[in-house]
Each structure stands twice: as C-alpha cells, then as structure tokens.
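This is my_file.pdb. It holds PDB, C-alpha atoms, pLDDT in the B column.
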```
ATOM      1  CA  MET A   1     -19.015 -11.191   9.576  1.00 35.00           C
ATOM      2  CA  ILE A   2     -17.099 -14.088   8.123  1.00 38.00           C
ATOM      3  CA  GLU A   3     -19.141 -16.959   6.751  1.00 38.00           C
ATOM      4  CA  ASP A   4     -18.136 -20.518   7.503  1.00 37.00           C
ATOM      5  CA  LYS A   5     -17.499 -22.052   4.089  1.00 41.00           C
ATOM      6  CA  GLY A   6     -15.215 -24.849   5.188  1.00 41.00           C
ATOM      7  CA  ARG A   7     -11.690 -24.444   3.859  1.00 45.00           C
ATOM      8  CA  TRP A   8     -10.560 -20.966   2.824  1.00 40.00           C
ATOM      9  CA  ARG A   9      -9.905 -20.511  -0.869  1.00 44.00           C
ATOM     10  CA  SER A  10      -6.544 -19.155  -2.041  1.00 40.00           C
ATOM     11  CA  ARG A  11      -7.555 -15.563  -2.494  1.00 48.00           C
ATOM     12  CA  ILE A  12      -7.262 -12.320  -0.580  1.00 47.00           C
ATOM     13  CA  LEU A  13     -10.077 -12.094   1.915  1.00 52.00           C
ATOM     14  CA  PHE A  14     -10.532  -8.675   3.453  1.00 52.00           C
ATOM     15  CA  THR A  15     -13.738  -7.526   5.072  1.00 56.00           C
ATOM     16  CA  GLY A  16     -12.488  -4.176   6.299  1.00 60.00           C
ATOM     17  CA  LYS A  17     -13.406  -3.173   9.803  1.00 68.00           C
ATOM     18  CA  ASP A  18     -16.446  -4.472  11.593  1.00 78.00           C
ATOM     19  CA  LYS A  19     -18.431  -2.317  14.013  1.00 81.00           C
ATOM     20  CA  ASP A  20     -15.871  -3.004  16.746  1.00 86.00           C
ATOM     21  CA  GLY A  21     -12.914  -1.917  14.610  1.00 87.00           C
ATOM     22  CA  ILE A  22     -11.616  -5.438  13.978  1.00 91.00           C
ATOM     23  CA  CYS A  23     -10.054  -6.288  10.603  1.00 89.00           C
ATOM     24  CA  TYR A  24      -9.776  -9.709   9.034  1.00 87.00           C
ATOM     25  CA  TYR A  25      -7.709 -10.851   6.094  1.00 85.00           C
ATOM     26  CA  TYR A  26      -6.297 -13.984   4.533  1.00 82.00           C
ATOM     27  CA  SER A  27      -2.823 -14.186   3.023  1.00 79.00           C
ATOM     28  CA  PRO A  28      -2.880 -16.843   0.279  1.00 78.00           C
ATOM     29  CA  SER A  29       0.898 -16.888  -0.155  1.00 79.00           C
ATOM     30  CA  ASP A  30       1.522 -18.385   3.296  1.00 80.00           C
ATOM     31  CA  HIS A  31      -2.019 -19.662   4.056  1.00 83.00           C
ATOM     32  CA  HIS A  32      -2.431 -17.490   7.154  1.00 87.00           C
ATOM     33  CA  PHE A  33      -5.586 -15.823   8.387  1.00 88.00           C
ATOM     34  CA  PHE A  34      -5.196 -12.643  10.465  1.00 90.00           C
ATOM     35  CA  ILE A  35      -7.411 -10.826  12.953  1.00 92.00           C
ATOM     36  CA  ASN A  36      -6.157  -7.325  13.809  1.00 92.00           C
ATOM     37  CA  ARG A  37      -7.272  -4.351  15.838  1.00 93.00           C
ATOM     38  CA  ILE A  38      -5.727  -0.982  16.648  1.00 91.00           C
ATOM     39  CA  MET A  39      -5.750  -0.330  20.413  1.00 93.00           C
ATOM     40  CA  TYR A  40      -5.332   3.074  22.070  1.00 91.00           C
ATOM     41  CA  LEU A  41      -3.307   4.000  25.152  1.00 92.00           C
ATOM     42  CA  ASP A  42      -3.580   6.667  27.829  1.00 90.00           C
ATOM     43  CA  PRO A  43      -0.903   9.258  26.928  1.00 86.00           C
ATOM     44  CA  LEU A  44       0.011   9.808  30.585  1.00 84.00           C
ATOM     45  CA  ARG A  45       0.828   6.170  31.271  1.00 88.00           C
ATOM     46  CA  TYR A  46       1.245   4.604  27.857  1.00 86.00           C
ATOM     47  CA  GLU A  47       4.567   2.828  28.517  1.00 87.00           C
ATOM     48  CA  LYS A  48       3.260   0.998  31.580  1.00 92.00           C
ATOM     49  CA  GLU A  49      -0.147   0.373  30.022  1.00 93.00           C
ATOM     50  CA  TYR A  50       1.460  -1.007  26.869  1.00 93.00           C
ATOM     51  CA  GLU A  51       3.290  -3.673  28.892  1.00 94.00           C
ATOM     52  CA  GLU A  52       0.121  -4.484  30.864  1.00 95.00           C
ATOM     53  CA  ARG A  53      -1.957  -4.938  27.733  1.00 95.00           C
ATOM     54  CA  LYS A  54       0.735  -6.968  26.006  1.00 94.00           C
ATOM     55  CA  TYR A  55       0.659  -9.343  28.970  1.00 95.00           C
ATOM     56  CA  GLN A  56      -3.171  -9.459  28.903  1.00 95.00           C
ATOM     57  CA  LEU A  57      -3.130 -10.410  25.229  1.00 94.00           C
ATOM     58  CA  LYS A  58      -0.582 -13.167  25.874  1.00 94.00           C
ATOM     59  CA  VAL A  59      -2.612 -14.667  28.734  1.00 95.00           C
ATOM     60  CA  ARG A  60      -5.915 -14.474  26.887  1.00 95.00           C
ATOM     61  CA  MET A  61      -4.504 -16.054  23.735  1.00 93.00           C
ATOM     62  CA  GLN A  62      -2.949 -18.890  25.738  1.00 93.00           C
ATOM     63  CA  GLN A  63      -6.294 -19.461  27.466  1.00 94.00           C
ATOM     64  CA  THR A  64      -8.109 -19.867  24.165  1.00 92.00           C
ATOM     65  CA  GLY A  65      -5.605 -22.408  22.849  1.00 91.00           C
ATOM     66  CA  VAL A  66      -6.812 -21.378  19.384  1.00 90.00           C
ATOM     67  CA  ALA A  67      -4.298 -18.841  18.059  1.00 88.00           C
ATOM     68  CA  ASP A  68      -1.290 -20.167  16.176  1.00 90.00           C
ATOM     69  CA  ALA A  69       0.578 -16.940  16.876  1.00 92.00           C
ATOM     70  CA  TRP A  70      -0.156 -13.524  18.331  1.00 92.00           C
ATOM     71  CA  GLY A  71       1.663 -10.267  18.845  1.00 91.00           C
ATOM     72  CA  ILE A  72       1.445  -6.525  19.100  1.00 91.00           C
ATOM     73  CA  SER A  73       3.277  -3.835  17.208  1.00 91.00           C
ATOM     74  CA  ASP A  74       5.981  -1.749  18.891  1.00 88.00           C
ATOM     75  CA  CYS A  75       4.931   1.276  20.868  1.00 81.00           C
ATOM     76  CA  GLU A  76       8.112   3.252  21.403  1.00 72.00           C
ATOM     77  CA  SER A  77       6.678   6.703  20.780  1.00 70.00           C
ATOM     78  CA  SER A  78       3.181   6.052  19.522  1.00 76.00           C
ATOM     79  CA  LEU A  79       0.010   6.144  21.573  1.00 84.00           C
ATOM     80  CA  SER A  80      -1.560   3.211  19.791  1.00 88.00           C
ATOM     81  CA  PHE A  81      -0.543  -0.295  18.803  1.00 92.00           C
ATOM     82  CA  LYS A  82      -1.865  -3.078  16.610  1.00 92.00           C
ATOM     83  CA  ALA A  83      -2.875  -6.334  18.260  1.00 94.00           C
ATOM     84  CA  SER A  84      -2.686  -9.188  15.763  1.00 93.00           C
ATOM     85  CA  VAL A  85      -3.604 -12.868  15.859  1.00 94.00           C
ATOM     86  CA  ARG A  86      -2.615 -15.399  13.201  1.00 93.00           C
ATOM     87  CA  LEU A  87      -4.352 -18.649  12.360  1.00 92.00           C
ATOM     88  CA  TYR A  88      -3.276 -21.248   9.858  1.00 91.00           C
ATOM     89  CA  LYS A  89      -5.896 -21.846   7.212  1.00 86.00           C
ATOM     90  CA  ARG A  90      -6.849 -25.232   8.651  1.00 88.00           C
ATOM     91  CA  ASN A  91      -7.637 -23.613  12.021  1.00 90.00           C
ATOM     92  CA  ALA A  92      -9.548 -20.617  10.661  1.00 87.00           C
ATOM     93  CA  THR A  93     -12.990 -22.048  11.333  1.00 89.00           C
ATOM     94  CA  LYS A  94     -15.931 -19.816  12.101  1.00 88.00           C
ATOM     95  CA  LYS A  95     -15.903 -21.002  15.734  1.00 92.00           C
ATOM     96  CA  ASN A  96     -12.205 -20.167  16.211  1.00 92.00           C
ATOM     97  CA  VAL A  97     -12.424 -16.803  14.457  1.00 90.00           C
ATOM     98  CA  CYS A  98     -15.456 -15.804  16.519  1.00 91.00           C
ATOM     99  CA  GLN A  99     -13.741 -16.867  19.750  1.00 93.00           C
ATOM    100  CA  LEU A 100     -10.651 -14.793  18.981  1.00 94.00           C
ATOM    101  CA  ARG A 101     -12.778 -11.875  17.842  1.00 92.00           C
ATOM    102  CA  ASP A 102     -14.591 -11.918  21.192  1.00 94.00           C
ATOM    103  CA  VAL A 103     -11.238 -11.809  23.012  1.00 94.00           C
ATOM    104  CA  MET A 104     -10.119  -8.816  20.933  1.00 94.00           C
ATOM    105  CA  VAL A 105     -13.385  -7.002  21.627  1.00 94.00           C
ATOM    106  CA  ASP A 106     -12.959  -7.658  25.346  1.00 95.00           C
ATOM    107  CA  LEU A 107      -9.356  -6.401  25.321  1.00 94.00           C
ATOM    108  CA  ALA A 108     -10.474  -3.275  23.448  1.00 93.00           C
ATOM    109  CA  LYS A 109     -12.634  -2.295  26.436  1.00 94.00           C
ATOM    110  CA  ASP A 110      -9.414  -1.006  28.021  1.00 94.00           C
ATOM    111  CA  ASP A 111      -8.837   1.446  25.162  1.00 94.00           C
ATOM    112  CA  PHE A 112      -8.262   5.080  26.024  1.00 92.00           C
ATOM    113  CA  ASN A 113     -11.537   6.419  24.691  1.00 91.00           C
ATOM    114  CA  ARG A 114     -11.748  10.017  25.861  1.00 92.00           C
ATOM    115  CA  HIS A 115     -11.380  13.321  24.092  1.00 94.00           C
ATOM    116  CA  LEU A 116      -8.007  14.957  24.654  1.00 92.00           C
ATOM    117  CA  PHE A 117      -7.527  18.713  24.721  1.00 95.00           C
ATOM    118  CA  THR A 118      -3.997  19.894  23.963  1.00 94.00           C
ATOM    119  CA  ARG A 119      -2.016  23.032  23.169  1.00 95.00           C
ATOM    120  CA  PHE A 120       1.136  23.156  21.042  1.00 93.00           C
ATOM    121  CA  ASN A 121       3.492  25.965  20.052  1.00 91.00           C
ATOM    122  CA  LEU A 122       4.663  25.712  16.453  1.00 89.00           C
ATOM    123  CA  GLY A 123       7.225  28.474  16.193  1.00 89.00           C
ATOM    124  CA  ASP A 124       5.274  31.723  16.442  1.00 92.00           C
ATOM    125  CA  GLU A 125       1.908  29.944  16.061  1.00 93.00           C
ATOM    126  CA  THR A 126      -0.200  28.297  18.754  1.00 95.00           C
ATOM    127  CA  VAL A 127      -2.522  25.385  18.043  1.00 94.00           C
ATOM    128  CA  TYR A 128      -5.279  24.106  20.330  1.00 96.00           C
ATOM    129  CA  LEU A 129      -6.598  20.649  19.469  1.00 94.00           C
ATOM    130  CA  GLU A 130      -9.443  18.395  20.454  1.00 94.00           C
ATOM    131  CA  THR A 131      -8.666  14.807  19.488  1.00 91.00           C
ATOM    132  CA  LEU A 132     -10.250  11.383  19.862  1.00 89.00           C
ATOM    133  CA  HIS A 133      -8.029   8.354  19.315  1.00 85.00           C
ATOM    134  CA  TYR A 134      -5.360  10.913  18.378  1.00 80.00           C
ATOM    135  CA  LYS A 135      -7.287  12.105  15.343  1.00 85.00           C
ATOM    136  CA  CYS A 136      -8.109  15.800  15.246  1.00 89.00           C
ATOM    137  CA  ILE A 137     -11.777  16.771  15.630  1.00 92.00           C
ATOM    138  CA  ARG A 138     -11.535  20.511  16.267  1.00 94.00           C
ATOM    139  CA  MET A 139      -8.676  22.976  16.077  1.00 93.00           C
ATOM    140  CA  VAL A 140      -8.056  26.580  17.021  1.00 94.00           C
ATOM    141  CA  HIS A 141      -5.146  28.142  15.161  1.00 94.00           C
ATOM    142  CA  VAL A 142      -3.624  31.351  16.523  1.00 95.00           C
ATOM    143  CA  SER A 143      -1.284  32.846  13.933  1.00 92.00           C
ATOM    144  CA  ALA A 144       1.788  35.001  14.561  1.00 91.00           C
ATOM    145  CA  ASP A 145      -0.225  38.216  14.126  1.00 93.00           C
ATOM    146  CA  GLY A 146      -2.779  37.084  16.728  1.00 92.00           C
ATOM    147  CA  SER A 147      -5.577  36.262  14.284  1.00 91.00           C
ATOM    148  CA  ILE A 148      -7.651  33.225  15.245  1.00 93.00           C
ATOM    149  CA  GLU A 149      -9.089  30.568  12.953  1.00 91.00           C
ATOM    150  CA  ARG A 150     -11.500  27.958  14.298  1.00 92.00           C
ATOM    151  CA  LEU A 151     -11.822  24.738  12.321  1.00 89.00           C
ATOM    152  CA  SER A 152     -13.715  21.491  12.835  1.00 90.00           C
ATOM    153  CA  LEU A 153     -13.569  18.175  11.024  1.00 85.00           C
ATOM    154  CA  GLN A 154     -17.367  18.101  10.926  1.00 84.00           C
ATOM    155  CA  GLU A 155     -17.477  21.399   9.017  1.00 81.00           C
ATOM    156  CA  LEU A 156     -14.671  20.366   6.679  1.00 77.00           C
ATOM    157  CA  GLN A 157     -16.494  17.133   5.810  1.00 76.00           C
ATOM    158  CA  LYS A 158     -19.604  18.914   4.545  1.00 76.00           C
ATOM    159  CA  GLU A 159     -20.055  18.762   0.791  1.00 62.00           C
ATOM    160  CA  THR A 160     -20.104  22.553   0.497  1.00 63.00           C
ATOM    161  CA  ALA A 161     -16.956  23.039   2.575  1.00 58.00           C
ATOM    162  CA  GLN A 162     -13.735  24.118   0.912  1.00 65.00           C
ATOM    163  CA  PRO A 163     -10.621  22.264   2.063  1.00 60.00           C
ATOM    164  CA  SER A 164      -8.809  24.358   4.635  1.00 70.00           C
ATOM    165  CA  GLU A 165      -5.200  25.080   3.831  1.00 80.00           C
ATOM    166  CA  THR A 166      -4.524  25.881   7.497  1.00 84.00           C
ATOM    167  CA  TRP A 167      -6.049  22.620   8.745  1.00 84.00           C
ATOM    168  CA  ASN A 168      -4.049  20.495   6.311  1.00 83.00           C
ATOM    169  CA  ARG A 169      -0.782  22.370   6.876  1.00 86.00           C
ATOM    170  CA  VAL A 170      -0.988  22.274  10.680  1.00 87.00           C
ATOM    171  CA  ILE A 171      -2.088  18.632  10.885  1.00 85.00           C
ATOM    172  CA  ASP A 172       0.680  17.636   8.456  1.00 86.00           C
ATOM    173  CA  GLN A 173       3.252  19.538  10.527  1.00 86.00           C
ATOM    174  CA  LEU A 174       2.073  17.967  13.797  1.00 85.00           C
ATOM    175  CA  CYS A 175       2.268  14.485  12.256  1.00 82.00           C
ATOM    176  CA  GLU A 176       5.586  15.037  10.470  1.00 81.00           C
ATOM    177  CA  ASP A 177       7.196  16.338  13.670  1.00 81.00           C
ATOM    178  CA  GLY A 178       5.765  13.365  15.578  1.00 79.00           C
ATOM    179  CA  ILE A 179       4.009  15.640  18.064  1.00 81.00           C
ATOM    180  CA  MET A 180       0.759  13.689  17.924  1.00 79.00           C
ATOM    181  CA  ASP A 181       2.673  10.538  18.876  1.00 76.00           C
ATOM    182  CA  ARG A 182       4.305  12.160  21.907  1.00 77.00           C
ATOM    183  CA  ILE A 183       1.531  13.941  23.783  1.00 82.00           C
ATOM    184  CA  GLY A 184       2.717  14.593  27.326  1.00 81.00           C
ATOM    185  CA  ALA A 185       1.356  16.107  30.525  1.00 82.00           C
ATOM    186  CA  ASP A 186       2.681  19.566  29.593  1.00 87.00           C
ATOM    187  CA  ASP A 187       0.652  19.552  26.375  1.00 91.00           C
ATOM    188  CA  LEU A 188      -2.704  18.830  28.033  1.00 92.00           C
ATOM    189  CA  ILE A 189      -5.256  21.530  28.797  1.00 95.00           C
ATOM    190  CA  ASP A 190      -8.720  21.210  30.281  1.00 94.00           C
ATOM    191  CA  GLN A 191     -11.860  21.225  28.173  1.00 95.00           C
ATOM    192  CA  ASP A 192     -12.981  24.616  29.516  1.00 95.00           C
ATOM    193  CA  THR A 193      -9.757  26.233  28.283  1.00 95.00           C
ATOM    194  CA  PHE A 194     -10.283  24.739  24.846  1.00 95.00           C
ATOM    195  CA  GLU A 195     -13.971  25.713  24.702  1.00 95.00           C
ATOM    196  CA  HIS A 196     -13.062  29.276  25.725  1.00 93.00           C
ATOM    197  CA  MET A 197     -10.709  29.478  22.745  1.00 91.00           C
ATOM    198  CA  PHE A 198     -13.170  27.782  20.369  1.00 90.00           C
TER     199      PHE A 198
END
```
Spit out the file's structure as structure tokens when you get a sec.
Amino acid sequence: MIEDKGRWRSRILFTGKDKDGICYYYSPSDHHFFINRIMYLDPLRYEKEYEERKYQLKVRMQQTGVADAWGISDCESSLSFKASVRLYKRNATKKNVCQLRDVMVDLAKDDFNRHLFTRFNLGDETVYLETLHYKCIRMVHVSADGSIERLSLQELQKETAQPSETWNRVIDQLCEDGIMDRIGADDLIDQDTFEHMF
C-alpha cells in the first residue's frame, strides 16, 4: 500500500496492482495522482450495466468530496472498462487515497465474476472457450478435418509445457476479429456442453 510521506516527490510512482486489482501511479509532469481499476460487465446486459455503473461512480465520488476528477473509459464494444480517479498532488494524502480505494473496491463488487462458456465458428473450425474476465482458461479446438485438441492455460503455464501454436493462433484471431469483445447470447453455451467437449 502507499505510505504517507507527506508531499509526493516528482517521480513516477507505480505500485502495480494490489490484491483487489487497483493500480496507483503519479504523473510528475502534471502533478496528478491516479487510482485506476478495470471493471467487468455482464455480456448480456453490458450497455445498460455500463450506464448504471457510470452513474454509481459519479454519485460515490461526489459523496466523498475527495476526488478532483473521475471518469470511466468508453465501452462501445468491450465488456470491460477502466474506472479512474485523479487527485492533485496536494490532495493525495494517505487518508484520501485510502478513502477512494475503498470506494473502488466497493464498486468492484458488482463486477461480472463468473466463468463464461462460449462457442465460435472460425471458418471451417469450431472453438469452445471457458473464460474468466474475458481471458481464456480452457479451449477445445475442432479443426476442419474433425480432429480435436484440448488446451488449458494451466497446462501451458507449466515450465515443461511447449507453447501451443494452436492456442496462440486461435486466441490472436479471436482478439483481432474483436470476437472476445462482442460476446452475445448466441455465443453462450452451458458448462455441461463445454465439459462434454473437454
């Protein structure tokens, strides 16, 4: 966590993410301190939920009376957005930062935090995915000739694992085509269907 050392020095301050996924950094060029967090939306109601959560952030920030500015990133076709709060250096005391951090943690309780199971057709290939926060955890790849390859992030992260060309190619294609940012009702399958394939 951030230590209270009085006035912030003119240097980049970046602690990375804390256990709640909140990032902090200081911009010395304009003397602003930022508190950011990525929030996740339900793919079946993301447009409405985005507006609801934007309003929640506005109300909560006004209630604190601490933030100098606040905002969220656009969410036109993405299923996540970045909530950001700015403090001027003179206001970035430990008390204020902790208060705003607590608000962000509370707002994050509304995050879509469930595993999604989806199926996509990529030309003559079919891909079944299990994702959490729209990051792939497991994948079943059915090629044009009907052969099946089952891949998991956990297996690929082992030291002895060889990088999978299929995993990288398919994930890159899904991201490049924007499919992972536009999951809709027609793409969803139930967990049993996925487990049967896996």
Check your understanding: atom CA of A:Leu156 and atom CA of A:Ala185 are how many Å apart?
Key ->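 Atom CA of A:Leu156 sits 29.0 Å away from atom CA of A:Ala185.
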**Study point:** Close residues, A:Val97 itself excluded, 9 Å, all atoms listed in the file, min 4 positions apart in chain, as a VMD selection string
**Key:** chain A and resid 2 35 66 87 91 to 93 101 to 102
Review point. Using the chain letters and numbers from the file, which residues does the PyMOL selection byres ((chain A and resi 195) around 12) grab, as a list in words?
Key: Phe117, Thr118, Tyr128, Leu129, Glu130, Arg138, Met139, Val140, Arg150, Ile189, Asp190, Gln191, Asp192, Thr193, Phe194, His196, Met197 and Phe198 of chain A
Exercise for review: Skip stretch 175-184 of chain A itself and residues of its chain fewer than 4 positions away, then list as a PyMOL selection string all residues within 7 Å of it, counting only C-alpha atoms.
Suggested key: chain A and resi 43-44+77-79+134+171+188
Check your understanding: How many Å separate atom CA of A:Leu107 from atom CA of A:Asp30?
Key ->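 Atom CA of A:Leu107 sits 27.3 Å away from atom CA of A:Asp30.
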Review point. For this file, the PyMOL selection byres ((chain A and resi 80) around 12) selects which residues, as JSON, numbers by chain?
Key: {"A": [37, 38, 39, 40, 41, 42, 43, 46, 47, 49, 50, 53, 72, 73, 74, 75, 76, 77, 78, 79, 81, 82, 83, 108, 111, 112, 113, 132, 133, 134, 135, 180, 181, 182, 183]}
